[in-house]
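Heads up: the structure comes next, in structure tokens.
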Amino acid sequence: MIPVNPLLDFSTLPRFDTILPEHVRPAIESLLAENRCLIATLGAAETFPTWDGFVQPLTDAGERLSRAWGIVGHLHSVNDVPAWREAYNEMLPEVSRFCAEQGQNLQLFAKYKALREGGEYARLSPARRKIIDNEVRDFRLSGAELPEAQKPRFQAIQEELDAVAARFSENLLDATNAFAEYVSDEAELAGLPADVCQAACEAAAAEGKSGWKFTLHMPSYGPVMQFADSRRLRAVMYRASATRASEFGPESLDNTPLIRRILELRAETARLLGYASYAELSLVPKMAESVTQVLGFLRDLAAKARPFAEKDMAVLREFARSELGLETLEAWDVGYASEKLRQKQHAFSEQEVKAYFTEPKVLAGLFHVVEALYGLHIKPDSAPVWHEDVRFFRIETPDGALVGQFYLDPYARETKRGGAWMDEARTRRRTLKGMQTPVAYLNSNFPRPVGDKPATFSHGEVETLFHEAGHGLHHLLTRIEELSVSGIHGVEWDAVELPSQFMENYCWEWRVLQEMTAHVDTGAPLPRALFDKMRAARNFQISMMTLRQIEFALFDMLLHSAFDPAGPRSVLDLLDEGREEGAVNSPPAWNRFANSFSHIFAGGYAAGYFSYKWAEVLSADCYAAFEDAGDPFDPATGQRFLEEILAVGGARPALESFRAFRGRDPSVDALLRHSGMIPG
Ligand SMILES: [Zn+2]
């Protein structure tokens with residue numbers, strides 16, 4: 001019997017043709033009630049917990065809720081009309097409350113611990129053991145194991161941390177908004193793109209002013225630093241940006257005391273849970289094994305990149321002196337001079353490139369890469385969709401067995417949130433009815449076709465498509481049969497970008513590009529000369545950018561491991577020490593970068609900023625296995641990547657998966673080589 005509420009129909013693909021906003025509340029309420037009731041029953045049960053009697057029913061009920069709520073969240077993201085926004089926002093607090101309750105439920109924690117210590121544990125599959133281990137770990141890290149006397153303090157710390165982090169963001173936003181530079185002399189606009197001037201003019205007019213208004217928001221600030229010939233304008237804007245939310249501005253917006261408080265609270269959290277530092281605690285669920293390992297990794301990479309960065313910097317200084325008349329290259333000159341140098345060395349038209357990446361060719365090219373790598377077939381399929389732009393595909397084995405399916409919603413719309421992302425509609429797992437195949441959503445905001453011509457994508461958009469397809473394949477090609485570690489579930493945070501960044505490499509293979517380009521007017525493939533220019537420009541100043549990222553990552557790691565917020569050293573002292581190891585151009589002494597580093601103070605990157613470089617190293621090193629084999633489509637290497645990396649999901653530690661694929665530990669050499677940073 002099919003339920004009346006289509007959100008509660010789990011027998012098939014989401015019924016986007018019949019689901020309405022008014023279905024949300026009754027469906028989610030009934031699923032929350034079902035879950036709460038089950039949790040209460042299982043938690044109170046006197047019998048010893050078993051996989052089949054405890055984990056299985058909990059997983060089944062949890063999956064129903066997350067599938068239904070996943071559809072609602074998806075529609076909120078891709079069809080953000082008032083009725084859907086309201087339906088989503090109405091239930092969001094309820095769902096969040098339920099998740100928080102579940103994470104704090106001590107009865108559940110006790111059952112998981114009993115399972116791990118009981119006799120059944122040893123007989124379970126490695127995937128099931130991993131799920132139980134993860135549950136116990138996560139309960140423990142959220143304070144469930146603390147002595148009763150310490151629990152209220154732990155809870156109070158977490159609440160204060162949330163509040164201080166929110167305040168940090170608010171201060172930063174307010175400080176960003178508080179500054180504006182009004183320009184009345186048109187000569188100061190020299191070098192700026194016309195659309196940026198237009199926007200600045202409109203911004204001034206909106207306040208009843210004449211002239212131009214520039215702000216610290218990226219669409220205004222970025223182009224000024226990159227293009228404005230006026231050194232005065234650049235210097236004023238740079239200083240305003242680099243001192244945001246610091247002691248140089250209003251005291252009420254100064255983030256300095258908040259930084260110290262956040263560090264104190266994090267250190268206390270770590271101490272309560274028995275870790276030497278917050279960095280150590282942060283690494284527990286990550287792939288990286290220790291603070292020493294991460295610091296060693298960053299310093300090794302820095303040492304190798306430094307000679308190249310110094311050379312790049314010397315070239316830039318000389319260029320700025322001889323061609324731009326800038327005797328000393330100040331912090332506010334670097335972006336500007338770099339742009340001028342880039343134009344001189346690597347000029348090519350993005351528009352010209354874009355004309356070759358026509359949508360049908362690009363999609364066929366992507367599918368061909370997947371087919372060639374893994375021996376699978378991608379075919380058009382049909383399903384109810386949420387918008388006429390959306391397409392649906394299926395992935396099959398050569399003998400026609402269904403592996404997984406995915407939706408592709410490529411074009412920008414007013415009702416779609418920005419950016420590009422992969423999301424899961426259904427996850428592979430074995431159920432009583434058999435194998436449930438996975439389904440993914442691939443969403444992006446690419447330009448739609450104009451007139452009767454196909455849509456054309458920039459090379460950056462093509463890279464984005466491949467990146468998200470990489471996440472999608474991680475979800476779709478899994479062979480794991482247990483929900484909580486299937487696909488991207490349970491994969492360590494610093495390893496989850498491996499499959500996505502790996503796929504980007506194929507956007508730089510000549511063989512692939514030749515096949516996946518056809519000029520929108522002539523049908524001709526991308527010319528080799530243009531491709532060579534793209535490749536040469538790809539690594540422009542990459543060593544300088546690498547060092548900058550490492551500087552941030554080292555600062556973050558040292559701040560959370562080797563810094564005592566109650567001690568005599570200030571955060572600024574630490575930042576200065578890190579700089580000696582980091583960048584090749586020291587910013588001015590008044591730069592207060594930390595006061596706007598919201599990634600680590602108000603985002604999820606605390607003692608985790610290294611993950612950007614970490615994942616890049618992993619993906620480059622995996623790709624190098626194909627280079628070693630002499631073929632980006634080497635079938636044996638492709639099968640191994642599929643079996644050891646993509647298929648295993650979160651069922652085993654990412655480092656083990658990497659070693660199984662590569663036969664050794666990760667090495668930074670491939671990333672350095674791909675970035676043109678090879679000694680000699
Ligand atoms: Zn990603």
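Identifiers for the structure tokens are assigned positionally: chains receive A, B, ... in sequence, residues are indexed from 1 per chain, and ligands are indexed from 1 in the order shown.
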
For this session: Enumerate residues in contact with ligand 1: an atom-to-atom distance of at most 8 Å, counting only C-alpha atoms and all ligand atoms. Format the result as a list in words.
Result: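 Final answer, ordered by chain and number: Trp421, His467, Glu468, His471, Val496, Glu497, Ser500 and Gln501 of chain A.
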
Prev. selection, C-alpha atoms, output as a short mmCIF file (atom, residue, chain, number, x, y, z; two decimals), in the first residue's frame:
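Everything below was put into out.cif:
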```cif
data_model
loop_
_atom_site.label_atom_id
_atom_site.label_comp_id
_atom_site.auth_asym_id
_atom_site.auth_seq_id
_atom_site.Cartn_x
_atom_site.Cartn_y
_atom_site.Cartn_z
CA TRP A 421 27.47 20.52 -4.50
CA HIS A 467 34.99 17.78 -8.71
CA GLU A 468 31.35 17.24 -7.76
CA HIS A 471 32.10 13.23 -4.71
CA VAL A 496 36.72 13.31 1.95
CA GLU A 497 38.05 15.66 -0.77
CA SER A 500 36.71 14.95 -5.85
CA GLN A 501 40.11 16.61 -6.31
#
```

For this session: Find the residues around segment 338-341 of chain A up to 9 Å (only C-alpha atoms counted), leave out those fewer than 5 positions away in its own chain, and share them as a list in words.
Result: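 Counting only the stated atoms, we get Gln226, Phe227, Leu316, Phe319, Ala320, Leu324, Asp333, His346 and Gln541 of chain A.
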
Exercise. Among segment 4-67 of chain A, which ones does DSSP place in helix (DSSP H, G or I), written as a PyMOL selection string?
Worked result: chain A and resi 6-8+21-44+51-67

For this session: Identify, on the basis of only C-alpha atoms, every residue whose closest approach to Val164 of chain A does not exceed 12 Å; exclude the query and any residue fewer than 5 positions from it along the same chain; express the result as a list in words.
Result: Ile157, Gln158, Glu159, Ser169, Glu170, Asn171, Asn255, Thr256, Pro257, Leu258, Ile259, Arg260, Arg261, Ile262, Leu263, Glu264, Leu265, Arg266, Ser598, Phe601, Ala602 and Gly603 of chain A

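For the choices A:Leu402, A:Ala624, A:Ala615, A:Leu376, the atom-to-atom distance to Ala288 of chain A is smallest for A:Ala615 when using only C-alpha atoms.
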
For this session: Extract, using only C-alpha atoms, all DNA, RNA and protein residues at most 7 Å from segment 391-393 of chain A, discarding same-chain residues fewer than 5 positions from it, and format them as a ChimeraX atom specification.
Result: /A:378-383,405-409

For this session: Go through A:Asp521, A:Ala127, A:Ile395, A:Ala566 one by one, measure the shortest atom-to-atom distance of each to Asp452 of chain A using only C-alpha atoms, and give the residue with the smallest value.
Result: A:Asp521

For this session: Please identify all polymer residues within 12 Å of Gly191 of chain A, counting only C-alpha atoms, omitting same-chain residues fewer than 3 positions from it, and present them as number ranges by chain.
Result: A: 186-188, 194-197, 223-231, 233-234, 336, 339-340

For this session: Have a look at A:Leu477, A:Val512, A:Val284, A:Ile488 and name the one nearest to Lys361 of chain A; count only C-alpha atoms.
Result: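 Of A:Leu477, A:Val512, A:Val284, A:Ile488, the one nearest Lys361 of chain A is A:Val512, counting only C-alpha atoms.
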
Could you pull the residues within 12 Å of Ala175 of chain A, counting only C-alpha atoms, minus those fewer than 4 positions along the same chain, as a PDB file with N, CA, C and O atoms, in the first residue's frame?
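Wrote around15.pdb, looks like this:
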```
ATOM      1  N   ARG A 167      29.467  35.494  17.890  1.00  0.00           N
ATOM      2  CA  ARG A 167      29.835  36.892  18.116  1.00  0.00           C
ATOM      3  C   ARG A 167      31.036  37.284  17.245  1.00  0.00           C
ATOM      4  O   ARG A 167      31.081  38.383  16.682  1.00  0.00           O
ATOM      5  N   PHE A 168      32.006  36.370  17.131  1.00  0.00           N
ATOM      6  CA  PHE A 168      33.192  36.598  16.293  1.00  0.00           C
ATOM      7  C   PHE A 168      32.747  36.915  14.855  1.00  0.00           C
ATOM      8  O   PHE A 168      33.189  37.887  14.244  1.00  0.00           O
ATOM      9  N   SER A 169      31.842  36.100  14.327  1.00  0.00           N
ATOM     10  CA  SER A 169      31.336  36.303  12.956  1.00  0.00           C
ATOM     11  C   SER A 169      30.591  37.619  12.826  1.00  0.00           C
ATOM     12  O   SER A 169      30.742  38.341  11.840  1.00  0.00           O
ATOM     13  N   GLU A 170      29.756  37.901  13.831  1.00  0.00           N
ATOM     14  CA  GLU A 170      28.962  39.135  13.778  1.00  0.00           C
ATOM     15  C   GLU A 170      29.874  40.361  13.795  1.00  0.00           C
ATOM     16  O   GLU A 170      29.686  41.297  13.022  1.00  0.00           O
ATOM     17  N   ASN A 171      30.872  40.320  14.679  1.00  0.00           N
ATOM     18  CA  ASN A 171      31.817  41.436  14.738  1.00  0.00           C
ATOM     19  C   ASN A 171      32.502  41.639  13.392  1.00  0.00           C
ATOM     20  O   ASN A 171      32.670  42.767  12.919  1.00  0.00           O
ATOM     21  N   PHE A 179      33.040  49.935   7.136  1.00  0.00           N
ATOM     22  CA  PHE A 179      34.001  50.717   6.354  1.00  0.00           C
ATOM     23  C   PHE A 179      33.490  50.958   4.934  1.00  0.00           C
ATOM     24  O   PHE A 179      32.901  50.081   4.298  1.00  0.00           O
ATOM     25  N   ALA A 180      33.724  52.162   4.416  1.00  0.00           N
ATOM     26  CA  ALA A 180      33.491  52.442   2.999  1.00  0.00           C
ATOM     27  C   ALA A 180      34.483  53.514   2.572  1.00  0.00           C
ATOM     28  O   ALA A 180      34.835  54.404   3.363  1.00  0.00           O
ATOM     29  N   THR A 215      33.804  49.011  -0.932  1.00  0.00           N
ATOM     30  CA  THR A 215      33.636  48.378   0.382  1.00  0.00           C
ATOM     31  C   THR A 215      34.617  47.212   0.538  1.00  0.00           C
ATOM     32  O   THR A 215      35.320  46.855  -0.402  1.00  0.00           O
ATOM     33  N   LEU A 216      34.596  46.616   1.724  1.00  0.00           N
ATOM     34  CA  LEU A 216      35.498  45.492   2.008  1.00  0.00           C
ATOM     35  C   LEU A 216      34.877  44.145   1.628  1.00  0.00           C
ATOM     36  O   LEU A 216      35.470  43.105   1.872  1.00  0.00           O
ATOM     37  N   HIS A 217      33.687  44.162   1.055  1.00  0.00           N
ATOM     38  CA  HIS A 217      33.108  42.908   0.570  1.00  0.00           C
ATOM     39  C   HIS A 217      33.842  42.503  -0.699  1.00  0.00           C
ATOM     40  O   HIS A 217      34.236  43.349  -1.502  1.00  0.00           O
ATOM     41  N   ALA A 240      42.334  48.885   5.822  1.00  0.00           N
ATOM     42  CA  ALA A 240      41.011  48.717   6.436  1.00  0.00           C
ATOM     43  C   ALA A 240      40.656  47.240   6.558  1.00  0.00           C
ATOM     44  O   ALA A 240      40.135  46.792   7.584  1.00  0.00           O
ATOM     45  N   SER A 241      40.962  46.478   5.520  1.00  0.00           N
ATOM     46  CA  SER A 241      40.618  45.052   5.541  1.00  0.00           C
ATOM     47  C   SER A 241      41.473  44.293   6.555  1.00  0.00           C
ATOM     48  O   SER A 241      40.963  43.467   7.315  1.00  0.00           O
ATOM     49  N   ALA A 242      42.776  44.597   6.568  1.00  0.00           N
ATOM     50  CA  ALA A 242      43.706  43.834   7.413  1.00  0.00           C
ATOM     51  C   ALA A 242      43.595  44.191   8.892  1.00  0.00           C
ATOM     52  O   ALA A 242      44.176  43.509   9.733  1.00  0.00           O
ATOM     53  N   THR A 243      42.869  45.245   9.227  1.00  0.00           N
ATOM     54  CA  THR A 243      42.716  45.615  10.641  1.00  0.00           C
ATOM     55  C   THR A 243      41.263  45.479  11.103  1.00  0.00           C
ATOM     56  O   THR A 243      40.893  45.966  12.170  1.00  0.00           O
ATOM     57  N   ARG A 244      40.438  44.799  10.298  1.00  0.00           N
ATOM     58  CA  ARG A 244      39.034  44.628  10.676  1.00  0.00           C
ATOM     59  C   ARG A 244      38.923  43.931  12.027  1.00  0.00           C
ATOM     60  O   ARG A 244      39.683  43.025  12.324  1.00  0.00           O
ATOM     61  N   ALA A 245      37.932  44.313  12.781  1.00  0.00           N
ATOM     62  CA  ALA A 245      37.619  43.666  14.067  1.00  0.00           C
ATOM     63  C   ALA A 245      38.835  43.557  14.976  1.00  0.00           C
ATOM     64  O   ALA A 245      39.025  42.557  15.663  1.00  0.00           O
ATOM     65  N   SER A 246      39.683  44.594  14.966  1.00  0.00           N
ATOM     66  CA  SER A 246      40.873  44.589  15.819  1.00  0.00           C
ATOM     67  C   SER A 246      40.858  45.810  16.741  1.00  0.00           C
ATOM     68  O   SER A 246      39.899  46.587  16.727  1.00  0.00           O
ATOM     69  N   GLU A 247      41.951  45.997  17.487  1.00  0.00           N
ATOM     70  CA  GLU A 247      42.033  47.136  18.415  1.00  0.00           C
ATOM     71  C   GLU A 247      42.124  48.462  17.664  1.00  0.00           C
ATOM     72  O   GLU A 247      42.000  49.526  18.273  1.00  0.00           O
ATOM     73  N   PHE A 248      42.321  48.442  16.373  1.00  0.00           N
ATOM     74  CA  PHE A 248      42.373  49.684  15.593  1.00  0.00           C
ATOM     75  C   PHE A 248      40.987  50.258  15.294  1.00  0.00           C
ATOM     76  O   PHE A 248      40.867  51.380  14.815  1.00  0.00           O
ATOM     77  N   GLY A 249      39.976  49.425  15.532  1.00  0.00           N
ATOM     78  CA  GLY A 249      38.606  49.885  15.274  1.00  0.00           C
ATOM     79  C   GLY A 249      37.857  50.059  16.586  1.00  0.00           C
ATOM     80  O   GLY A 249      38.476  50.061  17.665  1.00  0.00           O
ATOM     81  N   PRO A 250      36.519  50.175  16.526  1.00  0.00           N
ATOM     82  CA  PRO A 250      35.734  50.327  17.753  1.00  0.00           C
ATOM     83  C   PRO A 250      35.927  49.127  18.680  1.00  0.00           C
ATOM     84  O   PRO A 250      35.993  47.986  18.219  1.00  0.00           O
ATOM     85  N   GLU A 251      35.996  49.405  19.976  1.00  0.00           N
ATOM     86  CA  GLU A 251      36.252  48.336  20.944  1.00  0.00           C
ATOM     87  C   GLU A 251      35.159  47.266  20.909  1.00  0.00           C
ATOM     88  O   GLU A 251      35.419  46.084  21.097  1.00  0.00           O
ATOM     89  N   SER A 252      33.919  47.722  20.640  1.00  0.00           N
ATOM     90  CA  SER A 252      32.810  46.766  20.661  1.00  0.00           C
ATOM     91  C   SER A 252      32.940  45.709  19.560  1.00  0.00           C
ATOM     92  O   SER A 252      32.337  44.649  19.646  1.00  0.00           O
ATOM     93  N   LEU A 253      33.709  46.005  18.524  1.00  0.00           N
ATOM     94  CA  LEU A 253      33.849  45.045  17.425  1.00  0.00           C
ATOM     95  C   LEU A 253      35.208  44.342  17.436  1.00  0.00           C
ATOM     96  O   LEU A 253      35.551  43.631  16.505  1.00  0.00           O
ATOM     97  N   ASP A 254      35.993  44.535  18.490  1.00  0.00           N
ATOM     98  CA  ASP A 254      37.342  43.954  18.531  1.00  0.00           C
ATOM     99  C   ASP A 254      37.276  42.453  18.857  1.00  0.00           C
ATOM    100  O   ASP A 254      36.776  42.060  19.919  1.00  0.00           O
ATOM    101  N   ASN A 255      37.773  41.633  17.964  1.00  0.00           N
ATOM    102  CA  ASN A 255      37.745  40.181  18.172  1.00  0.00           C
ATOM    103  C   ASN A 255      38.888  39.663  19.039  1.00  0.00           C
ATOM    104  O   ASN A 255      38.900  38.471  19.379  1.00  0.00           O
ATOM    105  N   ASN A 595      42.251  38.270  13.432  1.00  0.00           N
ATOM    106  CA  ASN A 595      40.950  38.797  13.859  1.00  0.00           C
ATOM    107  C   ASN A 595      39.844  38.576  12.835  1.00  0.00           C
ATOM    108  O   ASN A 595      38.674  38.781  13.136  1.00  0.00           O
ATOM    109  N   SER A 596      40.226  38.180  11.619  1.00  0.00           N
ATOM    110  CA  SER A 596      39.179  37.853  10.639  1.00  0.00           C
ATOM    111  C   SER A 596      39.308  36.420  10.130  1.00  0.00           C
ATOM    112  O   SER A 596      38.718  36.062   9.112  1.00  0.00           O
TER     113      SER A 596
END
```

Exercise. Counting only C-alpha atoms, which of A:Glu94, A:Asp532, A:Glu63, A:Glu280 gets nearest to Trp510 of chain A?
Worked result: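 The closest residue to Trp510 of chain A is A:Asp532.
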
For this session: Using DSSP on the backbone, list every residue of segment 272-403 of chain A that comes out as strand (DSSP E or B), and give them as a PyMOL selection string.
Result: chain A and resi 358+377-381+391-396+402-403

Please produce a file of the residues just selected, as a PDB file, in the first residue's frame, where the atoms kept are C-alpha atoms.
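Ended up saving to result.pdb:
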```
ATOM      1  CA  THR A 358      29.995  23.075 -25.064  1.00  0.00           C
ATOM      2  CA  HIS A 377      28.316   2.535 -18.471  1.00  0.00           C
ATOM      3  CA  ILE A 378      26.331   5.726 -17.906  1.00  0.00           C
ATOM      4  CA  LYS A 379      22.928   5.917 -19.619  1.00  0.00           C
ATOM      5  CA  PRO A 380      20.014   8.351 -19.596  1.00  0.00           C
ATOM      6  CA  ASP A 381      17.253   7.242 -17.246  1.00  0.00           C
ATOM      7  CA  ARG A 391      18.248  15.180 -16.016  1.00  0.00           C
ATOM      8  CA  PHE A 392      18.546  11.686 -14.595  1.00  0.00           C
ATOM      9  CA  PHE A 393      21.123   8.995 -15.373  1.00  0.00           C
ATOM     10  CA  ARG A 394      21.966   5.441 -14.376  1.00  0.00           C
ATOM     11  CA  ILE A 395      25.334   3.730 -13.986  1.00  0.00           C
ATOM     12  CA  GLU A 396      25.477   0.081 -15.013  1.00  0.00           C
ATOM     13  CA  LEU A 402      22.330  -1.307 -11.855  1.00  0.00           C
ATOM     14  CA  VAL A 403      25.108   0.310  -9.776  1.00  0.00           C
TER      15      VAL A 403
END
```

For this session: Identify, on the basis of only C-alpha atoms, every residue whose closest approach to segment 629-636 of chain A does not exceed 10 Å; exclude the query and any residue fewer than 5 positions from it along the same chain; express the result as a PyMOL selection string.
Result: chain A and resi 369-375+505-506+509+511-512+623-624+641-642

Exercise. In Å, how far is it from atom CA of Phe502 of chain A to atom CA of Thr478 of chain A?
Worked result: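 About the pair atom CA of Phe502 of chain A and atom CA of Thr478 of chain A: they are 16.4 Å apart.
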
For this session: Work out how far atom CA of Val294 of chain A is from atom CA of Ile678 of chain A, in Å to one decimal.
Result: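 Atom CA of Val294 of chain A lies at a distance of 22.0 Å from atom CA of Ile678 of chain A.
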
Problem set entry | For Ala562 of chain A, the nearest of the candidates A:Val24, A:Tyr278, A:Pro82, A:Thr269, counting only C-alpha atoms | A:Tyr278
